[in-house]
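J.: Okay, here's the structure, questions in a sec.
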Amino acid sequence: MATLQRKIAEKFLVKLADSKDVDAAKIEQLRSLLADGKKPKAEDFVRIFSLPAGGDLK
Amino acid sequence: VIKLETAHIEEVRGIRKLDIDFKKGTFAISGPNGSGKSGVIDAIEFGLTGQIGRLTGRGTKGLSVSEHGPHVDKTKFPDAAFVELKVFLPAIGKTATITRKVSAPKKPKIVPDDEDVKAALGEVADHPEVTLSRREILRFILVEPTKRSEEIQTLLKLDDIGQTRSALNTAQNKLQAAQTTAAAQVQSSRNALQTHLQISTLLAADVLEAVNKRRKVLGLPEIAELTADTKLDAGLSANEKGSDFNKKSALGDLNALSEAAKKFPDLAKKQAAAIVADLVKLETDPALLAALQTRSLIEKGLDLIAGPECPLCDTPWEDEQHLRSHLQAKLAKSEEARKLQQSMISNGTAIATEAIRVIGLLVPVQKLADTQGEGPFTTLLMLWKADLEALKAKLATVDGLTGLKDRLTAGWLAAPEAFLKGLKALIEKIEAKPDQTATLDAQTFLTTAQLRLGDYREAMRKNKAAEIALNSVKAAYDAYCSVLEDELNALYDEVQEDFSKFYRAINEDDEGKFTAKLTPTEGKLDFNVNFYERGLFPPGAYHSEGHQDGMGVCLYLALMKRLFGDQFTFALSRTVFYNSGHTPLATGCRLQRFETAARMNWHYECANALVDGTLEISKFN
C-alpha cells in the first residue's frame, strides 16, 4: 500500500479506537480488511459492522 | 526500489537486438532523432511493468502494446518480442532476472521465483509513473483543474482511498435501510401484541394488568414484574399450551386488518405519486434517463473492477487506477441524476415501511385462516404477502422502481380482488363460533400473548443490533472522512511547499521569491503560480514553455515524495527538463542542494556524473 494510504488507514483506526460506537473486535477486523493490497467492498464493511458487539462468537 | 544491472532487448519497438550494461548506475542515452533512444525507455518500462506509456492514455486510440509493441517487421510474431532485465533489489539484497514477452505482458518469468522478489517487482510494476515523458510531466501543469485533480489523485493512488470512503458510504446506506426495516418490524410486532392484549400503550403495567387478569382466572400466581425473561404463560402445562386460538384475539386481528383495509387506497399515496412523477420526468428527459442508467451501470462497474480491463465494455486501460478514476469522474458529472435517485429511493423506502406494516397485519390472519381450514383464503394471503415481500425489494433500487410505474399508478398495494370478501367471511365464521369458556379463553390468551411477546422481543433485539451496526458504520464513515480531509489538506500543503522550494532552487537567479498555491475544492485542484511577484496566475498564463517544463518536473518530484517517501530511487525519463534559461548541467546540479537529497539521487547523481565526466552515455546512431 502506498505511504499515504497506509497513513490514512492507521490514523482512521486510531481515531476509531476513541469512538464509543466501535468496539475493539470490529477495529481488528477493519485493520485486517485495510491491510496491504486489499480493496474493501461495501459488503465487507456491512459484514464487519453487523458483527455482535465484542466479537463473532455465538 | 530497484537498480538496473543489464538489459537484453529483442524486437521491441525500434530495436532489433540490443544489450546494455547499466552497472547499477545512472545512465543516459543520446543520439539523433529516430535512432531508438525512446525505444530503450519503452523496452525497460515494458520489462518492469508490462506496459508502454506511449501506447496508452489520451491521444493513443488504436494503439496497443500487443500490436505496436513488437518491431514493425515482427508485428505478426509477438512471441519474438521480449525484454530481459537483470535488476538489483536493495531492500532485500537480491539480484533477479525478469523476462517479459509482448505476447504475454502479464506473465513475466522471474528468476529466482522467490516470494520477496516477486513482491518487490510487483510493487515496481504497480507504478508506471516511474516513466516520464514531457507529455507526462506537463499533464499536471497545463490542464484544467478537474483534470488535474483526477490526474494527481490517480498518480497518488488517492482513488483507492476514495474507493474506501465510497464503500463505507454505501455500507452506511445499506445498514440505514436494514435499520429502517428492523424498526418497521418492531412496530409491526408491537401492533400485533397490543392488538392481542387490547391495550393502547405497551407499558409494562398495562401488559401485566391484562395478563394477570387471565392468570387469576386460571389460579396462576400473578406476575409482579415484567423482566427480559418473564414468561407470560408460566405455570401452564404443555397440554394447556396446545392451542393458541383465542376467539377475542382472533377477532382483534381480523378487525385490525379490516380497519386498516379501509385506508389501503390512500396508503403512501403521496410517495407513490412522487415516484411516478420522477419516472415521467425520466421518460420525457432521455438525457437524464441515460445519466441515471449510466450511473447505475457505472456503480455496478466500479464494484466489479478487478484489473485494468473495464468490466462493462472490456476496454483495456493503462491500469486499474485510471479505469477507476474514469468511472468515478463520470459518476460525479451526473449530479441531477443522483438527486433524482435519492428522491426515488427515499420515497421507495417509505412505501416499503408501509408494506412491512401490512405484512404484519396479514401474518396472524393468514395463520388463523389456515387453522380454520380456509384453504383458498390462506393461499390468497400467502401469495399477497410474498408479492409484497418481492415489492419491498424492488422499492429499494432505481432499477426495481423503473418497472413499477403501472403498479404505483394503479395502487401499489395491489390487494387481491377476493381479499375483502374472504376477510368478511372469516370474520363471520369466527364470530359465529361459541364463546370460549373463561378457562380456555385465559389459556389461549396467555399462550398467544407469550408468542407475540417473543416475536416483539426478537424484533427489538434485531433492531437494537441494527442500530448498533448503523451507529458504528456512521462513526467509521465520519472518522474516515475527517482523517481523509485532514490528510489531503496536509498533503496539498506539503506538495505546494515542496514544489515552490524545488522551483525556487532551479530558478534562484530570477525567481528566488517564487510561490505557488494549490487549492483543492470538490473534484477540482486549482494551481496558480506567482509570476515575478506580480500576483498568482495559472502556469500557462505568462511563464515560458521552458519554465513550464521546470514546473512540471518540480511538481512531479513533489508528488513522488508524497507517494514513495524516501523510497523514490528509480525513474526513466525521456527528455532533458532543465532548460529554463540555464544549461541543463548547471540547473540539474542545483537539485543536489535539496534537503531531500536522498530522494533526488536520480537527479543529482546524473548531474554529478555529468560534472565529473563519469556519466555513461550511450551514443545511438
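Residue numbering restarts at 1 for every chain of the C-alpha cells, chains are lettered A, B, ... in their displayed order, and ligands are numbered from 1 as they appear.
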Once you count only C-alpha atoms, which residues of chain B turn out to be within 7 Å of chain A? Could you give them as a list of chain:residue names?
T.: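 Interface list for chain B against chain A: B:Ile161, B:Thr164, B:Ala167, B:Leu168, B:Thr170, B:Ala171, B:Leu175, B:Ala469, B:Asn471, B:Ser472, B:Val473, B:Ala475, B:Ala476, B:Ala479, B:Tyr480, B:Val483, B:Leu484, B:Leu563, B:Phe564, B:Gly565.
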J.: Could you turn the residues from that selection into a file that holds C-alpha atoms, as a PDB file, in the first residue's frame?
T.:
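selection27.pdb, written as the output of this step:
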```
ATOM      1  CA  ILE B 161      -8.754   5.959  -0.703  1.00  0.00           C
ATOM      2  CA  THR B 164     -12.702   3.013   0.624  1.00  0.00           C
ATOM      3  CA  ALA B 167     -17.560   1.661   0.100  1.00  0.00           C
ATOM      4  CA  LEU B 168     -18.053   2.931   3.661  1.00  0.00           C
ATOM      5  CA  THR B 170     -22.551   2.510   0.558  1.00  0.00           C
ATOM      6  CA  ALA B 171     -22.297   0.294   3.652  1.00  0.00           C
ATOM      7  CA  LEU B 175     -27.196  -0.516   7.145  1.00  0.00           C
ATOM      8  CA  ALA B 469     -24.358  -1.549  13.331  1.00  0.00           C
ATOM      9  CA  ASN B 471     -24.081   3.819  14.701  1.00  0.00           C
ATOM     10  CA  SER B 472     -20.749   2.069  14.265  1.00  0.00           C
ATOM     11  CA  VAL B 473     -20.670   2.485  10.467  1.00  0.00           C
ATOM     12  CA  ALA B 475     -18.869   6.699  13.346  1.00  0.00           C
ATOM     13  CA  ALA B 476     -16.446   4.941  10.978  1.00  0.00           C
ATOM     14  CA  ALA B 479     -13.879   9.272  11.161  1.00  0.00           C
ATOM     15  CA  TYR B 480     -12.637   8.231   7.718  1.00  0.00           C
ATOM     16  CA  VAL B 483      -8.928  11.815   8.572  1.00  0.00           C
ATOM     17  CA  LEU B 484      -9.077  11.903   4.770  1.00  0.00           C
ATOM     18  CA  LEU B 563       3.867   8.784  -2.943  1.00  0.00           C
ATOM     19  CA  PHE B 564       7.101   6.949  -2.203  1.00  0.00           C
ATOM     20  CA  GLY B 565       8.546   8.807   0.778  1.00  0.00           C
TER      21      GLY B 565
END
```
J.: Identify, with DSSP run on backbone atoms, the residues in region 240-342 of chain B assigned to helix (DSSP H, G or I), and express the list as a ChimeraX atom specification.
T.: /B:247-262,264-266,269-284,286-304,320-333,335-342
J.: Calculate how many Å separate CA of Ala329 (chain B) from CA of Ser149 (chain B), rounding to one decimal.
T.: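 Result for CA of Ala329 (chain B) versus CA of Ser149 (chain B): 10.3 Å, one decimal.
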J.: Pick out the residues sitting within 10 Å of Lys24 (chain B), and hand them over as a list of chain:residue names; count only C-alpha atoms, and ignore anything fewer than 6 positions along from it in its own chain.
T.: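 The neighbour list is B:Ile2, B:Lys3, B:Leu4, B:Glu5, B:Thr6, B:Lys86, B:Val87, B:Phe88.
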J.: When you draw a straight line from CA of Ala432 (chain B) to CA of Asp244 (chain B), how long is it in Å?
T.: 18.3 Å
